[in-house]
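Student: Encoded as structure tokens, here's the structure I'll be asking about.
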Amino acid sequence: MLDELRAPATDIRRAGNVEAQGFGIAGPLLLTVRRFEDSRGVFIETYNRRDFEAVGIAEEFVQDNQSLSVHRGTVRGLHFQVPPAPQAKLVRVLRGRILDIAVDLRAGSPTFGQHVAAELSAENGLMFYIPVGFAHGFATLERDTEVAYKVSALYAPGCDKGIAWDDPALGIDWGIDPATARLSDKDRVLPRLADIGPCF
Ligand SMILES: Cc1cn([C@H]2C[C@H](O)[C@@H](COP(=O)(O)OP(=O)(O)O[C@H]3O[C@@H](C)C(=O)[C@@H](O)[C@H]3O)O2)c(=O)[nH]c1=O
């Protein structure tokens, strides 16, 4: 866990079975949900509208996505949908482990171009909330990693945009050897941040 990136513990909000902690960049939240363990195994609430709203996640989520990345070092991103179909995302890992990244693309934001990172795994059960106005991507740190995420707007291919994961201006340490990263054809040719206009 990248503790140095988290906001002070005083910034923790709790409601029901969820606890949310902010980062140095306003907006994204790292969520911990209560695990109910018994002799059968585990139960968790992965989303509860009332409680998630109470900790600051007010969007209505309208689509659930899931991806499997077979190889360690798979990179998906950095992606975002522009208006009129911008997406907030609520990300968790079902199997394996990722380094999840959110880059601030909000015009006028004091932290524009900066990013937050969180290690999410099936084991730690953490969730990452990424508001509208951020690009999102992740690198898989284990084989056969499955990621599930809710989004607040339907997939709109015409609004689907991206920036290069390895743009030097972003300075992201993805926790993998960049030379062995596996990307989609689409992600291999994404522009750099300096080459896109204002998006949000
Ligand atoms: C994202 C998406 C893709 N697709 C289709 C399009 C394409 O043929 C195939 C694979 O799409 P992609 O290559 O864009 O998948 P992927 O690279 O996994 O894209 C995802 O990356 C992560 C980091 C995100 O944040 C997501 O919002 C999304 O952009 O699935 C949908 O039908 N609906 C969707 O919502």
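Chain labels follow the order of the structure tokens: the first chain is A, the next B, and so on; residue numbering restarts at 1 in every chain, and ligands are counted from 1 in their shown order.
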Go through the chains and note each residue within 6 Å of ligand 1, using only C-alpha atoms and all ligand atoms, then give the set as number ranges by chain.
Tutor: A: 76-77, 79, 136-138, 155
Student: Could you pull out the residues in segment 10-121 of chain A that DSSP calls strand (DSSP E) from the backbone, as number ranges by chain?
Tutor: A: 13-15, 18-22, 29-33, 36-38, 41-43, 63-69, 75-81, 89-95, 97-104, 115-121
Student: Would you list the contacts of Val75 of chain A as a PyMOL selection string, taking every protein, DNA or RNA residue within 8 Å and counting only C-alpha atoms, but skipping same-chain residues closer than 5 positions in sequence?
Tutor: chain A and resi 137-140+165+181-183
Student: For Lys150 of chain A, work out the shell of residues within 12 Å, counting only C-alpha atoms and skipping chain neighbours fewer than 5 positions away, then give it as a list in words.
Tutor: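 The neighbour list is Thr46, Tyr47, Ile57, Glu59, Glu60, Phe61, Val62, Gln63, Asp64, Asn65, Gln66, Ser67, Gln87, Ala88, Lys89, Leu90, Val91, Arg92, Val93, Met127, Phe128, Tyr129, Ile130, Pro131 and Tyr155 of chain A.
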Student: For those residues, write N, CA, C and O atoms to a file as an mmCIF file, in the first residue's frame.
Tutor:
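Output below, filename out35.cif:
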data_model
loop_
_atom_site.group_PDB
_atom_site.id
_atom_site.type_symbol
_atom_site.label_atom_id
_atom_site.label_comp_id
_atom_site.auth_asym_id
_atom_site.auth_seq_id
_atom_site.Cartn_x
_atom_site.Cartn_y
_atom_site.Cartn_z
ATOM 1 N N THR A 46 -20.478 -5.047 -1.324
ATOM 2 C CA THR A 46 -19.557 -4.385 -2.256
ATOM 3 C C THR A 46 -20.092 -3.020 -2.697
ATOM 4 O O THR A 46 -19.343 -2.204 -3.225
ATOM 5 N N TYR A 47 -21.383 -2.768 -2.479
ATOM 6 C CA TYR A 47 -21.948 -1.454 -2.760
ATOM 7 C C TYR A 47 -23.243 -1.317 -1.980
ATOM 8 O O TYR A 47 -24.048 -2.256 -1.947
ATOM 9 N N ILE A 57 -19.794 9.338 -2.191
ATOM 10 C CA ILE A 57 -19.916 8.773 -3.544
ATOM 11 C C ILE A 57 -21.383 8.851 -3.945
ATOM 12 O O ILE A 57 -22.189 7.975 -3.607
ATOM 13 N N GLU A 59 -22.745 9.369 -7.116
ATOM 14 C CA GLU A 59 -23.179 9.005 -8.471
ATOM 15 C C GLU A 59 -24.104 7.795 -8.475
ATOM 16 O O GLU A 59 -24.006 6.924 -7.621
ATOM 17 N N GLU A 60 -24.938 7.776 -9.498
ATOM 18 C CA GLU A 60 -25.699 6.549 -9.743
ATOM 19 C C GLU A 60 -24.878 5.698 -10.713
ATOM 20 O O GLU A 60 -24.468 6.176 -11.772
ATOM 21 N N PHE A 61 -24.624 4.464 -10.346
ATOM 22 C CA PHE A 61 -23.841 3.586 -11.221
ATOM 23 C C PHE A 61 -24.777 2.812 -12.139
ATOM 24 O O PHE A 61 -25.783 2.259 -11.684
ATOM 25 N N VAL A 62 -24.461 2.800 -13.427
ATOM 26 C CA VAL A 62 -25.407 2.258 -14.412
ATOM 27 C C VAL A 62 -24.839 1.094 -15.217
ATOM 28 O O VAL A 62 -25.532 0.514 -16.051
ATOM 29 N N GLN A 63 -23.562 0.773 -15.004
ATOM 30 C CA GLN A 63 -22.979 -0.342 -15.753
ATOM 31 C C GLN A 63 -21.905 -0.990 -14.884
ATOM 32 O O GLN A 63 -21.161 -0.308 -14.183
ATOM 33 N N ASP A 64 -21.849 -2.321 -14.930
ATOM 34 C CA ASP A 64 -20.812 -3.079 -14.214
ATOM 35 C C ASP A 64 -19.905 -3.742 -15.243
ATOM 36 O O ASP A 64 -20.401 -4.393 -16.174
ATOM 37 N N ASN A 65 -18.604 -3.589 -15.072
ATOM 38 C CA ASN A 65 -17.628 -4.162 -15.998
ATOM 39 C C ASN A 65 -16.715 -5.143 -15.274
ATOM 40 O O ASN A 65 -16.485 -5.014 -14.067
ATOM 41 N N GLN A 66 -16.156 -6.056 -16.026
ATOM 42 C CA GLN A 66 -15.206 -7.003 -15.453
ATOM 43 C C GLN A 66 -14.181 -7.345 -16.525
ATOM 44 O O GLN A 66 -14.538 -7.525 -17.688
ATOM 45 N N SER A 67 -12.908 -7.405 -16.136
ATOM 46 C CA SER A 67 -11.889 -7.830 -17.110
ATOM 47 C C SER A 67 -10.969 -8.851 -16.459
ATOM 48 O O SER A 67 -10.723 -8.813 -15.251
ATOM 49 N N GLN A 87 -17.441 9.297 -16.811
ATOM 50 C CA GLN A 87 -17.686 8.179 -15.881
ATOM 51 C C GLN A 87 -16.913 8.338 -14.579
ATOM 52 O O GLN A 87 -15.693 8.501 -14.592
ATOM 53 N N ALA A 88 -17.621 8.223 -13.469
ATOM 54 C CA ALA A 88 -16.957 7.916 -12.202
ATOM 55 C C ALA A 88 -16.853 6.400 -12.143
ATOM 56 O O ALA A 88 -17.666 5.691 -12.756
ATOM 57 N N LYS A 89 -15.842 5.888 -11.430
ATOM 58 C CA LYS A 89 -15.609 4.437 -11.397
ATOM 59 C C LYS A 89 -15.390 3.969 -9.970
ATOM 60 O O LYS A 89 -14.804 4.683 -9.150
ATOM 61 N N LEU A 90 -15.830 2.765 -9.720
ATOM 62 C CA LEU A 90 -15.659 2.135 -8.404
ATOM 63 C C LEU A 90 -15.038 0.764 -8.663
ATOM 64 O O LEU A 90 -15.705 -0.130 -9.178
ATOM 65 N N VAL A 91 -13.751 0.647 -8.324
ATOM 66 C CA VAL A 91 -12.933 -0.471 -8.800
ATOM 67 C C VAL A 91 -12.582 -1.411 -7.655
ATOM 68 O O VAL A 91 -12.244 -0.969 -6.557
ATOM 69 N N ARG A 92 -12.606 -2.730 -7.942
ATOM 70 C CA ARG A 92 -12.127 -3.716 -6.960
ATOM 71 C C ARG A 92 -11.553 -4.908 -7.695
ATOM 72 O O ARG A 92 -11.789 -5.092 -8.895
ATOM 73 N N VAL A 93 -10.821 -5.717 -6.970
ATOM 74 C CA VAL A 93 -10.153 -6.874 -7.584
ATOM 75 C C VAL A 93 -10.778 -8.156 -7.046
ATOM 76 O O VAL A 93 -10.908 -8.341 -5.839
ATOM 77 N N MET A 127 -11.213 -1.020 -2.243
ATOM 78 C CA MET A 127 -11.849 -0.492 -3.456
ATOM 79 C C MET A 127 -11.339 0.923 -3.682
ATOM 80 O O MET A 127 -10.986 1.624 -2.732
ATOM 81 N N PHE A 128 -11.355 1.319 -4.945
ATOM 82 C CA PHE A 128 -10.838 2.631 -5.323
ATOM 83 C C PHE A 128 -11.962 3.377 -6.022
ATOM 84 O O PHE A 128 -12.506 2.886 -7.029
ATOM 85 N N TYR A 129 -12.319 4.533 -5.495
ATOM 86 C CA TYR A 129 -13.338 5.379 -6.135
ATOM 87 C C TYR A 129 -12.626 6.470 -6.922
ATOM 88 O O TYR A 129 -11.809 7.214 -6.364
ATOM 89 N N ILE A 130 -12.950 6.555 -8.209
ATOM 90 C CA ILE A 130 -12.315 7.533 -9.096
ATOM 91 C C ILE A 130 -13.410 8.438 -9.654
ATOM 92 O O ILE A 130 -14.287 7.966 -10.395
ATOM 93 N N PRO A 131 -13.433 9.701 -9.288
ATOM 94 C CA PRO A 131 -14.502 10.588 -9.751
ATOM 95 C C PRO A 131 -14.357 10.946 -11.225
ATOM 96 O O PRO A 131 -13.308 10.709 -11.836
ATOM 97 N N TYR A 155 -21.168 2.884 -21.550
ATOM 98 C CA TYR A 155 -20.074 2.910 -22.531
ATOM 99 C C TYR A 155 -20.506 3.721 -23.747
ATOM 100 O O TYR A 155 -21.570 3.479 -24.320
#
Student: Which residue out of A:Thr74, A:Gly27, A:Ile196, A:Leu105 has the minimum interatomic distance to Ser184 of chain A when only C-alpha atoms are used?
Tutor: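 Of all the options, A:Thr74 lies closest to Ser184 of chain A.
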Student: For a test of reading the model, state the distance in Å between atom CA of Ala54 of chain A and atom CA of Gly108 of chain A, rounded to one decimal.
Tutor: 26.8 Å
Student: Could you work out how far atom CA of Pro168 of chain A lies from atom CA of Gly22 of chain A, giving the answer in Å with one decimal?
Tutor: 25.6 Å
Student: Skip Asn17 of chain A itself and residues of its chain fewer than 3 positions away, then list as a list in words all residues within 9 Å of it, counting only C-alpha atoms.
Tutor: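 Here the qualifying residues turn out to be Arg14, Thr32, Val33, Arg34, Arg35, Ile44, Glu45, Asn48 and Asp51 of chain A.
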Student: Restrict the selected residues to all heavy atoms and save them as a compact mmCIF listing (two decimals), in the first residue's frame.
Tutor:
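File produced: part_1.txt:
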# COMPACT_ATOMS: atom_id res chain seq x y z
N ARG A 14 -16.84 7.38 7.73
CA ARG A 14 -17.41 6.04 7.90
C ARG A 14 -18.92 6.10 7.84
O ARG A 14 -19.53 7.05 8.32
CB ARG A 14 -17.03 5.47 9.27
CG ARG A 14 -15.56 5.19 9.44
CD ARG A 14 -15.26 4.51 10.78
NE ARG A 14 -13.82 4.34 10.94
CZ ARG A 14 -13.00 5.26 11.42
NH1 ARG A 14 -13.48 6.43 11.82
NH2 ARG A 14 -11.70 5.02 11.52
N THR A 32 -12.55 0.83 2.39
CA THR A 32 -12.43 -0.46 3.07
C THR A 32 -13.83 -0.86 3.48
O THR A 32 -14.55 -0.06 4.07
CB THR A 32 -11.58 -0.31 4.36
OG1 THR A 32 -10.38 0.37 4.03
CG2 THR A 32 -11.24 -1.66 4.96
N VAL A 33 -14.21 -2.09 3.15
CA VAL A 33 -15.54 -2.54 3.58
C VAL A 33 -15.38 -3.66 4.60
O VAL A 33 -14.44 -4.45 4.56
CB VAL A 33 -16.42 -3.01 2.40
CG1 VAL A 33 -16.81 -1.84 1.52
CG2 VAL A 33 -15.77 -4.09 1.59
N ARG A 34 -16.35 -3.69 5.50
CA ARG A 34 -16.29 -4.67 6.59
C ARG A 34 -16.47 -6.09 6.04
O ARG A 34 -17.31 -6.34 5.17
CB ARG A 34 -17.42 -4.35 7.57
CG ARG A 34 -17.40 -5.21 8.80
CD ARG A 34 -18.37 -4.67 9.82
NE ARG A 34 -18.60 -5.66 10.86
CZ ARG A 34 -19.63 -5.64 11.70
NH1 ARG A 34 -20.52 -4.68 11.62
NH2 ARG A 34 -19.76 -6.57 12.61
N ARG A 35 -15.64 -6.99 6.56
CA ARG A 35 -15.73 -8.41 6.17
C ARG A 35 -16.42 -9.17 7.29
O ARG A 35 -16.00 -9.12 8.44
CB ARG A 35 -14.32 -9.01 5.98
CG ARG A 35 -13.60 -8.53 4.74
CD ARG A 35 -12.14 -8.94 4.81
NE ARG A 35 -11.94 -10.39 4.77
CZ ARG A 35 -11.86 -11.09 3.64
NH1 ARG A 35 -11.96 -10.49 2.47
NH2 ARG A 35 -11.68 -12.39 3.69
N ILE A 44 -19.42 -9.74 2.21
CA ILE A 44 -19.16 -8.29 2.20
C ILE A 44 -20.22 -7.58 1.37
O ILE A 44 -20.74 -8.16 0.41
CB ILE A 44 -17.75 -7.92 1.65
CG1 ILE A 44 -17.54 -8.52 0.25
CG2 ILE A 44 -16.63 -8.32 2.58
CD1 ILE A 44 -16.30 -8.00 -0.45
N GLU A 45 -20.51 -6.35 1.76
CA GLU A 45 -21.33 -5.49 0.91
C GLU A 45 -20.38 -4.77 -0.03
O GLU A 45 -19.56 -3.96 0.42
CB GLU A 45 -22.07 -4.46 1.76
CG GLU A 45 -23.23 -5.01 2.55
CD GLU A 45 -24.00 -3.92 3.30
OE1 GLU A 45 -23.61 -2.74 3.22
OE2 GLU A 45 -24.98 -4.27 3.96
N ASN A 48 -23.43 -0.17 -1.35
CA ASN A 48 -24.64 0.13 -0.60
C ASN A 48 -24.88 1.62 -0.84
O ASN A 48 -24.10 2.46 -0.39
CB ASN A 48 -24.38 -0.17 0.88
CG ASN A 48 -25.51 0.26 1.79
OD1 ASN A 48 -26.04 1.36 1.66
ND2 ASN A 48 -25.87 -0.59 2.72
N ASP A 51 -24.91 4.14 2.21
CA ASP A 51 -23.65 4.33 2.94
C ASP A 51 -22.55 4.91 2.05
O ASP A 51 -21.75 5.74 2.49
CB ASP A 51 -23.19 3.00 3.54
CG ASP A 51 -24.17 2.48 4.58
OD1 ASP A 51 -24.94 3.31 5.12
OD2 ASP A 51 -24.19 1.27 4.84
Student: With distances taken over only C-alpha atoms, which of A:Glu123, A:Asp38, A:Asp160, A:Asp104 is nearest to Ala135 of chain A?
Tutor: A:Asp104
Student: Would you give me, as a short mmCIF file (atom, residue, chain, number, x, y, z; two decimals) with N, CA and C atoms, in the first residue's frame, the residues in segment 27-177 of chain A that DSSP reads as alpha helix (DSSP H)?
Tutor:
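File states-v9.cif, as written:
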data_model
loop_
_atom_site.label_atom_id
_atom_site.label_comp_id
_atom_site.auth_asym_id
_atom_site.auth_seq_id
_atom_site.Cartn_x
_atom_site.Cartn_y
_atom_site.Cartn_z
N ARG A 49 -25.92 1.94 -1.60
CA ARG A 49 -26.09 3.32 -2.06
C ARG A 49 -26.13 4.32 -0.91
N ARG A 50 -26.88 3.99 0.14
CA ARG A 50 -27.01 4.92 1.27
C ARG A 50 -25.65 5.20 1.91
N ASP A 51 -24.91 4.14 2.21
CA ASP A 51 -23.65 4.33 2.94
C ASP A 51 -22.55 4.91 2.05
N PHE A 52 -22.52 4.50 0.78
CA PHE A 52 -21.51 5.05 -0.12
C PHE A 52 -21.77 6.54 -0.36
N GLU A 53 -23.06 6.90 -0.43
CA GLU A 53 -23.41 8.32 -0.57
C GLU A 53 -22.93 9.10 0.65
N ALA A 54 -23.10 8.50 1.82
CA ALA A 54 -22.74 9.18 3.07
C ALA A 54 -21.23 9.43 3.17
#
Student: Just checking: using only C-alpha atoms, which residue out of A:Ala58, A:Arg106, A:Gly73, A:Leu68 ends up closest to Ala179 of chain A?
Tutor: A:Gly73
Student: May I have the residues within 12 Å of Arg143 of chain A as a PyMOL selection string, using only C-alpha atoms and disregarding those fewer than 5 positions away in the same chain?
Tutor: chain A and resi 68-74+95-98
Student: Write a file of the selected residues as a PDB file, in the first residue's frame, keeping C-alpha atoms.
Tutor:
ATOM      1  CA  LEU A  68      -9.470 -10.716 -16.880  1.00  0.00           C
ATOM      2  CA  SER A  69      -5.807 -10.053 -17.617  1.00  0.00           C
ATOM      3  CA  VAL A  70      -3.893 -13.252 -18.094  1.00  0.00           C
ATOM      4  CA  HIS A  71      -0.326 -11.997 -17.858  1.00  0.00           C
ATOM      5  CA  ARG A  72       1.397 -10.182 -15.035  1.00  0.00           C
ATOM      6  CA  GLY A  73       2.410  -6.751 -16.294  1.00  0.00           C
ATOM      7  CA  THR A  74      -0.714  -6.171 -18.377  1.00  0.00           C
ATOM      8  CA  ARG A  95      -8.632 -12.306  -8.181  1.00  0.00           C
ATOM      9  CA  GLY A  96      -4.971 -11.309  -8.205  1.00  0.00           C
ATOM     10  CA  ARG A  97      -3.494  -7.853  -7.620  1.00  0.00           C
ATOM     11  CA  ILE A  98      -3.194  -4.518  -9.434  1.00  0.00           C
TER      12      ILE A  98
END
Student: Excluding Ala26 of chain A and any residue of its chain fewer than 6 positions from it, enumerate the residues within 10 Å of it, using only C-alpha atoms, and give them as a list in words.
Tutor: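 Residues meeting the cut-off are Ala7, Asp104, Ser109, Pro110, Thr111, Val116 and Pro131 of chain A.
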Student: Include N, CA, C and O atoms and write out the residues we just selected as a PDB file, in the first residue's frame.
Tutor:
ATOM      1  N   ALA A   7      -4.373  10.724   2.401  1.00  0.00           N
ATOM      2  CA  ALA A   7      -4.605  11.901   3.233  1.00  0.00           C
ATOM      3  C   ALA A   7      -4.497  11.487   4.700  1.00  0.00           C
ATOM      4  O   ALA A   7      -4.536  10.306   5.021  1.00  0.00           O
ATOM      5  N   ASP A 104      -5.345  13.173 -12.510  1.00  0.00           N
ATOM      6  CA  ASP A 104      -6.235  14.337 -12.458  1.00  0.00           C
ATOM      7  C   ASP A 104      -6.200  15.099 -13.786  1.00  0.00           C
ATOM      8  O   ASP A 104      -5.161  15.654 -14.167  1.00  0.00           O
ATOM      9  N   SER A 109      -7.594  22.451 -11.983  1.00  0.00           N
ATOM     10  CA  SER A 109      -7.301  21.791 -10.701  1.00  0.00           C
ATOM     11  C   SER A 109      -5.857  22.070 -10.304  1.00  0.00           C
ATOM     12  O   SER A 109      -4.951  21.993 -11.139  1.00  0.00           O
ATOM     13  N   PRO A 110      -5.616  22.376  -9.026  1.00  0.00           N
ATOM     14  CA  PRO A 110      -4.233  22.626  -8.586  1.00  0.00           C
ATOM     15  C   PRO A 110      -3.357  21.377  -8.720  1.00  0.00           C
ATOM     16  O   PRO A 110      -2.138  21.478  -8.693  1.00  0.00           O
ATOM     17  N   THR A 111      -3.993  20.206  -8.868  1.00  0.00           N
ATOM     18  CA  THR A 111      -3.218  18.963  -8.995  1.00  0.00           C
ATOM     19  C   THR A 111      -3.362  18.358 -10.408  1.00  0.00           C
ATOM     20  O   THR A 111      -3.131  17.168 -10.594  1.00  0.00           O
ATOM     21  N   VAL A 116      -2.832   9.605  -8.303  1.00  0.00           N
ATOM     22  CA  VAL A 116      -2.825   8.812  -7.071  1.00  0.00           C
ATOM     23  C   VAL A 116      -2.785   7.346  -7.478  1.00  0.00           C
ATOM     24  O   VAL A 116      -3.216   6.971  -8.571  1.00  0.00           O
ATOM     25  N   PRO A 131     -13.433   9.701  -9.288  1.00  0.00           N
ATOM     26  CA  PRO A 131     -14.502  10.588  -9.751  1.00  0.00           C
ATOM     27  C   PRO A 131     -14.357  10.946 -11.225  1.00  0.00           C
ATOM     28  O   PRO A 131     -13.308  10.709 -11.836  1.00  0.00           O
TER      29      PRO A 131
END
Student: Could you please determine the separation between atom CA of Leu94 of chain A and atom CA of Gly175 of chain A in Å, to one decimal place?
Tutor: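 Here the two named atoms are 19.5 Å from each other.
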